[in-house]
file target-v1.txt (compact mmCIF, C-alpha atoms)
# COMPACT_ATOMS: atom_id res chain seq x y z
CA MET A 769 105.00 113.81 72.91
CA THR A 770 104.58 116.75 70.56
CA ASP A 771 101.45 118.77 71.34
CA TYR A 772 99.59 118.63 68.01
CA TYR A 773 96.68 120.64 69.39
CA GLU A 774 99.03 123.52 70.16
CA ILE A 775 100.59 123.29 66.69
CA LEU A 776 97.18 123.60 65.05
CA GLY A 777 96.07 126.21 67.58
CA VAL A 778 92.88 124.39 68.60
CA PRO A 779 91.59 123.25 72.01
CA ARG A 780 91.68 119.59 72.95
CA ASP A 781 87.92 119.32 72.72
CA ALA A 782 87.82 120.76 69.22
CA THR A 783 85.56 119.11 66.66
CA GLN A 784 86.88 117.46 63.53
CA ASP A 785 85.56 120.38 61.45
CA GLN A 786 87.41 122.88 63.63
CA ILE A 787 90.63 120.88 63.22
CA LYS A 788 90.17 120.75 59.44
CA LYS A 789 89.55 124.50 59.21
CA ALA A 790 92.57 125.29 61.37
CA TYR A 791 94.77 123.07 59.21
CA ARG A 792 93.59 124.61 55.93
CA LYS A 793 94.22 128.12 57.25
CA LEU A 794 97.74 127.32 58.44
CA ALA A 795 98.53 125.34 55.30
CA ARG A 796 97.72 128.35 53.10
CA GLU A 797 99.87 130.61 55.27
CA LEU A 798 102.85 128.27 55.60
CA HIS A 799 102.92 126.62 52.17
CA PRO A 800 106.43 126.88 50.67
CA ASP A 801 105.02 128.65 47.62
CA VAL A 802 103.77 131.41 49.95
CA ALA A 803 106.12 131.46 52.97
CA GLY A 804 109.22 130.18 51.21
CA ASP A 805 111.86 128.17 53.02
CA GLU A 806 111.18 129.95 56.30
CA GLY A 807 107.77 128.28 56.66
CA ALA A 808 108.79 124.84 55.37
CA ASP A 809 109.54 123.33 58.77
CA ARG A 810 106.35 124.65 60.33
CA PHE A 811 104.38 123.43 57.33
CA LYS A 812 105.73 119.92 57.92
CA ASP A 813 104.72 120.09 61.63
CA VAL A 814 101.21 121.30 60.78
CA THR A 815 100.77 118.57 58.17
CA ARG A 816 101.96 115.91 60.62
CA ALA A 817 99.62 117.23 63.31
CA TYR A 818 96.66 117.11 60.93
CA GLU A 819 97.53 113.56 59.82
CA VAL A 820 97.07 112.49 63.45
CA LEU A 821 94.23 114.69 64.66
CA GLY A 822 92.34 114.68 61.37
CA THR A 823 91.64 110.93 61.69
CA ALA A 824 89.32 109.85 64.48
CA GLU A 825 91.16 106.56 65.20
CA LYS A 826 94.61 108.15 65.29
CA ARG A 827 93.33 111.05 67.37
CA GLN A 828 91.86 108.64 69.92
CA ALA A 829 95.18 106.80 70.16
CA TYR A 830 97.00 110.12 70.56
CA ASP A 831 94.62 111.21 73.36
CA MET A 832 95.39 107.94 75.14
CA GLY A 833 99.12 108.68 75.11
CA THR A 834 100.38 107.23 71.83
CA ASP A 835 101.66 109.14 68.80
CA PRO A 836 100.75 107.03 65.74
CA SER A 837 103.06 109.06 63.47
CA ALA A 838 106.16 108.61 65.60
CA PRO A 839 108.63 105.74 65.11
CA GLY A 840 107.49 102.70 67.10
CA GLY A 841 103.96 104.01 67.38
CA GLY A 842 104.91 107.02 69.47
CA GLN A 843 106.45 104.99 72.27
CA ALA A 844 110.06 106.06 72.52
CA GLY A 845 112.15 102.93 72.80
CA GLY A 846 108.95 100.91 73.09
CA PHE A 847 108.05 102.66 76.37
CA GLY A 848 105.14 105.10 76.16
CA PHE A 849 103.43 107.41 78.60
CA GLN A 850 100.98 104.72 79.71
CA ASP A 851 103.89 102.48 80.64
CA ILE A 852 105.42 105.31 82.67
CA PHE A 853 102.12 105.88 84.43
CA GLU A 854 101.75 102.19 85.23
CA THR A 855 105.33 102.04 86.45
CA PHE A 856 104.71 104.82 89.00
CA PHE A 857 101.10 104.10 89.90
CA GLY A 858 100.83 100.33 89.67
CA GLY A 859 99.00 99.86 86.40
CA GLY A 860 95.53 99.61 87.95
CA GLN A 861 93.16 96.71 87.88
CA ALA A 862 93.67 96.01 84.17
CA GLN A 863 96.78 94.00 85.00
CA ARG A 864 95.05 91.98 87.70
CA GLY A 865 91.89 91.12 85.80
CA PRO A 866 88.35 90.98 87.13
CA VAL A 867 87.70 90.61 90.84
CA PRO A 868 86.31 87.16 91.71
CA ARG A 869 82.84 87.13 93.26
CA THR A 870 83.77 84.19 95.44
CA ARG A 871 85.72 85.25 98.51
CA ARG A 872 86.55 83.77 101.89
CA GLY A 873 84.14 84.63 104.67
CA GLN A 874 85.05 86.59 107.78
CA ASP A 875 86.16 85.03 111.04
CA ALA A 876 83.73 85.26 113.94
CA LEU A 877 84.28 85.70 117.68
CA LEU A 878 81.93 84.28 120.31
CA ARG A 879 82.24 84.66 124.09
CA LEU A 880 81.19 81.73 126.24
CA ASP A 881 80.62 81.88 130.02
CA ILE A 882 81.37 78.67 131.92
CA ASP A 883 81.48 77.53 135.55
CA LEU A 884 84.62 76.61 137.46
CA ALA A 885 83.69 72.92 137.38
CA GLU A 886 83.35 73.04 133.57
CA ALA A 887 86.78 74.66 133.33
CA ALA A 888 88.24 72.04 135.67
CA PHE A 889 86.85 68.94 133.96
CA GLY A 890 85.91 70.14 130.47
CA ALA A 891 82.40 70.23 129.08
CA ARG A 892 80.33 70.02 125.92
CA LYS A 893 78.37 73.21 125.36
CA GLU A 894 75.75 74.17 122.80
CA VAL A 895 75.65 77.77 121.58
CA THR A 896 73.41 79.61 119.14
CA ILE A 897 75.03 82.04 116.70
CA ASP A 898 73.82 84.32 113.92
CA THR A 899 76.00 83.73 110.88
CA ALA A 900 76.01 83.43 107.08
CA ARG A 901 75.53 80.12 105.30
CA VAL A 902 75.36 79.11 101.62
CA CYS A 903 72.02 79.93 100.02
CA SER A 904 70.15 76.67 99.60
CA THR A 905 68.18 78.02 96.63
CA CYS A 906 71.07 78.95 94.32
CA GLY A 907 73.84 76.97 96.02
CA GLY A 908 76.08 80.03 96.08
CA ALA A 909 75.70 80.81 92.35
CA CYS A 910 73.97 84.13 93.15
CA THR A 911 71.58 83.72 90.20
CA ARG A 912 68.00 82.56 89.90
CA PRO A 913 67.91 78.78 89.28
CA GLY A 914 68.15 78.10 85.55
CA THR A 915 70.06 81.34 84.83
CA SER A 916 73.72 82.32 84.95
CA VAL A 917 75.96 85.35 85.14
CA GLN A 918 76.60 87.33 81.95
CA THR A 919 79.74 88.98 80.63
CA CYS A 920 79.65 92.70 81.36
CA VAL A 921 78.91 94.62 78.15
CA VAL A 922 80.67 97.76 79.39
CA CYS A 923 84.11 96.33 80.21
CA GLN A 924 83.79 93.17 78.08
CA GLY A 925 84.66 90.99 81.07
CA ARG A 926 87.88 92.82 82.00
CA GLY A 927 86.44 94.21 85.22
CA SER A 928 87.96 97.64 84.56
CA VAL A 929 87.63 100.56 82.18
CA GLN A 930 90.22 103.06 80.99
CA ARG A 931 89.59 106.77 81.05
CA VAL A 932 91.62 109.74 79.82
CA ALA A 933 91.91 112.66 82.21
CA ARG A 934 93.75 115.94 82.12
CA SER A 935 96.48 116.71 84.62
CA PHE A 936 99.50 118.95 84.96
CA LEU A 937 101.37 116.23 83.06
CA GLY A 938 98.96 116.46 80.17
CA GLN A 939 96.65 113.66 79.09
CA VAL A 940 96.70 110.84 81.68
CA MET A 941 95.05 107.49 81.14
CA THR A 942 93.70 105.87 84.29
CA THR A 943 92.26 102.43 84.94
CA GLN A 944 89.24 102.19 87.18
CA PRO A 945 86.93 99.36 88.29
CA CYS A 946 83.94 99.05 86.03
CA ALA A 947 80.93 100.66 87.69
CA ALA A 948 78.49 98.44 85.82
CA CYS A 949 79.81 95.18 87.28
CA GLN A 950 81.76 96.50 90.33
CA GLY A 951 84.96 95.08 88.86
CA HIS A 952 83.73 91.47 88.59
CA GLY A 953 83.63 91.38 84.81
CA THR A 954 80.19 89.77 84.94
CA THR A 955 76.70 90.90 85.83
CA ILE A 956 73.72 89.08 87.29
CA PRO A 957 70.65 89.80 85.16
CA GLU A 958 68.39 87.65 87.35
CA PRO A 959 69.65 87.45 90.94
CA CYS A 960 68.44 84.77 93.32
CA VAL A 961 65.37 86.03 95.14
CA ASP A 962 66.32 84.40 98.46
CA CYS A 963 69.87 85.77 98.80
CA ALA A 964 69.50 88.85 96.55
CA GLY A 965 72.50 87.76 94.51
CA GLU A 966 74.84 87.33 97.49
CA GLY A 967 75.06 83.55 97.32
CA ARG A 968 74.64 83.39 101.10
CA VAL A 969 71.92 84.08 103.65
CA ARG A 970 71.87 85.04 107.30
CA THR A 971 70.72 82.27 109.57
CA ARG A 972 70.65 81.26 113.23
CA GLN A 973 72.49 78.05 113.97
CA THR A 974 73.14 75.93 117.05
CA ILE A 975 76.54 74.25 117.25
CA SER A 976 78.26 72.07 119.85
CA ILE A 977 81.58 73.11 121.35
CA ASP A 978 83.93 70.79 123.21
CA VAL A 979 85.52 72.83 126.00
CA PRO A 980 88.73 71.11 127.12
CA ALA A 981 89.74 70.86 130.77
CA GLY A 982 92.08 73.61 131.92
CA VAL A 983 90.67 76.55 129.97
CA ASP A 984 90.68 79.90 131.73
CA THR A 985 89.33 83.38 131.13
CA GLY A 986 90.80 84.63 127.86
CA THR A 987 91.43 81.18 126.38
CA ARG A 988 90.30 81.02 122.75
CA ILE A 989 89.12 77.85 121.07
CA LYS A 990 89.40 77.80 117.26
CA LEU A 991 86.73 76.03 115.23
CA SER A 992 87.98 75.91 111.64
CA GLY A 993 85.39 76.56 108.95
CA GLN A 994 82.65 77.48 111.43
CA GLY A 995 82.72 81.21 110.71
CA GLU A 996 80.76 83.10 108.07
CA VAL A 997 80.47 81.70 104.56
CA GLY A 998 81.98 84.10 102.03
CA PRO A 999 80.16 85.92 99.22
CA ALA A 1000 79.05 83.75 96.30
CA GLY A 1001 79.37 80.64 98.47
CA GLY A 1002 83.04 81.25 99.25
CA PRO A 1003 84.93 79.27 101.91
CA ALA A 1004 83.81 79.86 105.47
CA GLY A 1005 86.02 81.69 107.93
CA ASP A 1006 86.90 80.38 111.37
CA LEU A 1007 84.96 80.69 114.60
CA TYR A 1008 86.86 81.67 117.74
CA VAL A 1009 85.24 80.96 121.11
CA GLU A 1010 86.65 83.10 123.94
CA ILE A 1011 86.17 81.64 127.41
CA ARG A 1012 85.03 83.67 130.42
CA GLU A 1013 85.04 81.78 133.73
CA ARG A 1014 82.44 82.74 136.32
CA LYS A 1015 83.58 83.41 139.88
CA HIS A 1016 83.03 80.59 142.34
CA ALA A 1017 81.40 81.15 145.72
CA VAL A 1018 84.05 79.14 147.63
CA PHE A 1019 87.15 78.53 145.54
CA VAL A 1020 89.63 81.02 144.11
CA ARG A 1021 91.64 79.86 141.11
CA ARG A 1022 95.34 80.59 140.72
CA GLY A 1023 96.63 78.87 137.59
CA ASP A 1024 95.46 75.28 137.88
CA ASP A 1025 95.44 75.31 141.70
CA LEU A 1026 92.36 76.10 143.78
CA HIS A 1027 92.37 77.90 147.13
CA CYS A 1028 89.81 78.22 149.87
CA THR A 1029 89.71 79.19 153.55
CA LEU A 1030 88.24 77.14 156.39
CA GLU A 1031 87.41 78.59 159.79
CA VAL A 1032 88.52 76.25 162.58
CA PRO A 1033 87.53 76.76 166.25
CA MET A 1034 90.38 77.57 168.60
CA THR A 1035 89.90 74.37 170.53
CA ALA A 1036 89.82 72.24 167.37
CA ALA A 1037 93.01 73.89 166.12
CA ALA A 1038 94.70 73.19 169.45
CA LEU A 1039 93.50 69.59 169.77
CA GLY A 1040 93.43 68.68 166.07
CA THR A 1041 90.33 67.76 164.09
CA THR A 1042 88.91 66.49 160.78
CA ILE A 1043 86.41 68.59 158.84
CA GLU A 1044 84.43 67.56 155.75
CA LEU A 1045 84.82 69.92 152.78
CA GLU A 1046 82.66 69.89 149.65
CA THR A 1047 85.10 69.99 146.71
CA LEU A 1048 84.55 69.91 142.96
CA ASP A 1049 84.97 66.11 143.25
CA GLY A 1050 82.47 65.76 146.08
CA PRO A 1051 82.99 65.68 149.89
CA ARG A 1052 86.53 65.17 151.14
CA ASP A 1053 87.93 64.99 154.70
CA VAL A 1054 90.46 67.66 155.64
CA THR A 1055 92.57 66.72 158.67
CA PHE A 1056 94.13 69.44 160.83
CA PRO A 1057 96.82 68.20 163.25
CA ALA A 1058 96.95 69.29 166.86
CA GLY A 1059 98.49 72.72 167.23
CA THR A 1060 97.32 74.01 163.86
CA GLN A 1061 98.18 77.69 163.58
CA PRO A 1062 96.33 80.51 161.81
CA GLY A 1063 97.53 80.71 158.20
CA ASP A 1064 98.60 77.05 157.99
CA VAL A 1065 97.79 75.36 154.68
CA VAL A 1066 96.60 71.80 154.15
CA THR A 1067 97.07 70.62 150.55
CA LEU A 1068 94.76 68.12 148.88
CA ALA A 1069 96.61 66.81 145.85
CA ASP A 1070 94.94 66.49 142.41
CA LEU A 1071 91.72 68.22 143.40
CA GLY A 1072 92.35 71.36 141.38
CA VAL A 1073 91.80 72.20 137.71
CA GLY A 1074 92.90 69.86 134.94
CA HIS A 1075 96.02 70.90 133.02
CA LEU A 1076 95.17 72.18 129.53
CA HIS A 1077 96.07 69.65 126.78
CA VAL A 1078 98.15 67.53 129.16
CA GLY A 1079 97.34 65.01 131.85
CA GLY A 1080 97.08 65.63 135.57
CA ARG A 1081 95.43 68.27 137.71
CA GLY A 1082 96.36 71.05 140.06
CA ASP A 1083 95.96 70.91 143.86
CA LEU A 1084 93.44 72.25 146.32
CA ALA A 1085 95.02 74.40 149.05
CA VAL A 1086 92.95 74.77 152.22
CA HIS A 1087 93.99 77.78 154.30
CA VAL A 1088 93.26 77.78 158.04
CA ASP A 1089 91.57 80.65 159.80
CA VAL A 1090 91.46 79.98 163.58
CA ARG A 1091 88.28 81.39 165.09
CA VAL A 1092 88.72 82.84 168.62
CA PRO A 1093 85.49 82.92 170.65
CA HIS A 1094 84.28 86.33 171.81
CA ASP A 1095 81.02 85.41 173.56
CA LEU A 1096 82.24 83.21 176.45
CA ASP A 1097 79.93 82.62 179.40
CA ASP A 1098 81.19 82.53 182.98
CA GLU A 1099 81.90 78.80 183.02
CA GLN A 1100 83.83 78.92 179.74
CA SER A 1101 85.82 81.91 180.90
CA GLU A 1102 86.71 80.12 184.14
CA LEU A 1103 87.89 77.05 182.20
CA LEU A 1104 90.15 79.19 180.03
CA ARG A 1105 91.57 80.92 183.14
CA ARG A 1106 92.37 77.51 184.64
CA LEU A 1107 94.02 76.46 181.32
CA ALA A 1108 96.06 79.65 181.29
CA ALA A 1109 97.16 79.00 184.86
CA LEU A 1110 98.17 75.46 184.05
CA ARG A 1111 100.22 76.70 181.09
CA GLY A 1112 101.71 79.59 183.01
CA GLU A 1113 100.15 82.06 180.68
CA GLU A 1114 98.24 84.18 183.17
CA ARG A 1115 100.59 87.09 182.55
CA PRO A 1116 102.45 86.10 179.35
CA GLU A 1117 105.38 88.10 178.12
CA ALA A 1118 104.73 89.72 174.76
CA LYS A 1119 106.85 88.42 171.91
CA ILE A 1120 107.31 90.53 168.82
CA ALA A 1121 106.68 88.49 165.67
CA ALA A 1122 106.71 89.31 162.00
CA ALA A 1123 103.47 90.63 160.59
CA HIS A 1124 101.18 87.76 159.66
CA PRO A 1125 100.27 88.01 155.98
CA SER A 1126 96.79 87.29 154.73
CA VAL A 1127 95.96 84.33 152.55
CA PHE A 1128 95.91 86.37 149.38
CA SER A 1129 99.06 88.24 150.32
CA ARG A 1130 100.85 84.91 150.63
CA LEU A 1131 99.46 83.85 147.29
CA LYS A 1132 100.71 87.06 145.74
CA ASP A 1133 104.16 86.55 147.25
CA LYS A 1134 104.22 82.98 145.98
CA PHE A 1135 103.47 83.94 142.41
CA SER A 1136 105.88 86.87 142.46
CA GLY A 1137 108.66 84.50 143.59
CA ARG A 1138 109.14 85.96 147.09
call {"tool": "encode", "arguments": {"input": "target-v1.txt", "output": "structure tokens"}}
result
Amino acid sequence: MTDYYEILGVPRDATQDQIKKAYRKLARELHPDVAGDEGADRFKDVTRAYEVLGTAEKRQAYDMGTDPSAPGGGQAGGFGFQDIFETFFGGGQAQRGPVPRTRRGQDALLRLDIDLAEAAFGARKEVTIDTARVCSTCGGACTRPGTSVQTCVVCQGRGSVQRVARSFLGQVMTTQPCAACQGHGTTIPEPCVDCAGEGRVRTRQTISIDVPAGVDTGTRIKLSGQGEVGPAGGPAGDLYVEIRERKHAVFVRRGDDLHCTLEVPMTAAALGTTIELETLDGPRDVTFPAGTQPGDVVTLADLGVGHLHVGGRGDLAVHVDVRVPHDLDDEQSELLRRLAALRGEERPEAKIAAAHPSVFSRLKDKFSGR
């Protein structure tokens, strides 16, 4: 647009009296009767500038980026400076309208420690959480009972205000959230005393959680709508419960299978035996056949952890650790010498065998596909 302030030779913050004086001075100097034809064009420009800046309403429109004296209201082709600004910078909040007070609440995360048996069979747990719930006094309205929100007198309910600022481009009109109502378009003259105008209050609540069989450390259970209630009574977020399984004194879990190690006396391993083992399902008999070797595994089917969301259970793998006596008395030593003689093992020939892996090494090899 044409810079009318420059034409009149006045600053942009000039008063209306200063503009009038500047116009009268230039008009006397440039009037055709004084300056002739040479000053006619400048006289027309000065007169046009004064027609805009000499009227408060037209001057305000001009400062906001519109030339009232130009064809189409100063917007060339119906597209003014404000439209250009909005095209490049998004148009601000004025296009979106006021920001709603009611918003969805945040999701919450809770960590829950459980035992191996609870992971294997599932359990119902009660937990206490600190969260936000709808204010019972105002029901989420944010106002004192009997009152209501009021339209903001500053932005007239738009939620935003327009301001004119100077930049290297000249006068730039910007749209900013209204500071009086924080962009909501409404104010709360009398907020609820219990929630301080939030529409929600902090509270401690106990809820029940159904933990399904088969969960493991890191499993997350989603409880829809059990998170925090949003501002102004908005919809609640979700609650996520992250499981952490405590270590068991006897059993080691690998997937849905359980593993443990039983020490078996050398004689029992040689002759075969049955040992009672306390499992998650109660006592069970574990039978070792004659000639059981160190590292052998006896599998008890369906005594492991339940499969998550499907039927069935994993297995219980019992690993054998043959215990060799080291505190033999004379009689026991003599008996073993006689047994060695009978078996021709008094001076046995050494046989080189592959290194015997440990229980956990074999488990690692199994899961790595070796």
call {"tool": "closest_residue", "arguments": {"input": "target-v1.txt", "among": "A:Thr1047, A:Gly995, A:Asp831, A:Arg892", "to": "His1016 of chain A", "atoms": "only C-alpha atoms"}}
result
A:Thr1047
call {"tool": "residues_near_point", "arguments": {"input": "target-v1.txt", "point": "(97.8, 77.1, 164.6)", "cutoff": "12 Å", "atoms": "only C-alpha atoms", "output": "PyMOL selection string"}}
result
chain A and resi 1031-1041+1056-1066+1087-1092
call {"tool": "atom_distance", "arguments": {"input": "target-v1.txt", "atom1": "atom CA of Pro959 of chain A", "atom2": "atom CA of Cys910 of chain A"}}
result
5.9 Å
call {"tool": "closest_residue", "arguments": {"input": "target-v1.txt", "among": "A:Val917, A:Ile897, A:Leu880, A:Cys949", "to": "Ile975 of chain A", "atoms": "all atoms listed in the file"}}
result
A:Ile897
call {"tool": "atom_distance", "arguments": {"input": "target-v1.txt", "atom1": "atom CA of Thr919 of chain A", "atom2": "atom CA of Gly951 of chain A"}}
result
11.5 Å
call {"tool": "closest_residue", "arguments": {"input": "target-v1.txt", "among": "A:Leu1104, A:Cys963, A:Val932, A:Leu1007", "to": "Met832 of chain A", "atoms": "all atoms listed in the file"}}
result
A:Val932
call {"tool": "closest_residue", "arguments": {"input": "target-v1.txt", "among": "A:Glu894, A:Glu1114, A:Asp875, A:Asp1098", "to": "Ser992 of chain A", "atoms": "all atoms listed in the file"}}
result
A:Asp875
call {"tool": "atom_distance", "arguments": {"input": "target-v1.txt", "atom1": "atom CA of Val961 of chain A", "atom2": "atom CA of Asp1006 of chain A"}}
result
27.5 Å
call {"tool": "closest_residue", "arguments": {"input": "target-v1.txt", "among": "A:Asp785, A:Asp962, A:Asp809, A:Asp1097", "to": "Ala824 of chain A", "atoms": "only C-alpha atoms"}}
result
A:Asp785
call {"tool": "closest_residue", "arguments": {"input": "target-v1.txt", "among": "A:Ser916, A:Gln944, A:Thr770, A:Gln784", "to": "Gly833 of chain A", "atoms": "only C-alpha atoms"}}
result
A:Thr770
call {"tool": "closest_atom_pairs", "arguments": {"input": "target-v1.txt", "of": "segment 854-963 of chain A", "to": "segment 1072-1085 of chain A", "cutoff": "10 Å", "atoms": "all atoms listed in the file", "output": "CSV"}}
result
residue,atom,partner,partner_atom,distance
A:Leu884,CA,A:Val1073,CA,8.4
A:Ala885,CA,A:Val1073,CA,8.1
A:Glu886,CA,A:Val1073,CA,9.4
A:Ala887,CA,A:Val1073,CA,7.1
A:Ala888,CA,A:Val1073,CA,4.1
A:Phe889,CA,A:Gly1074,CA,6.2
A:Gly890,CA,A:Gly1074,CA,8.3
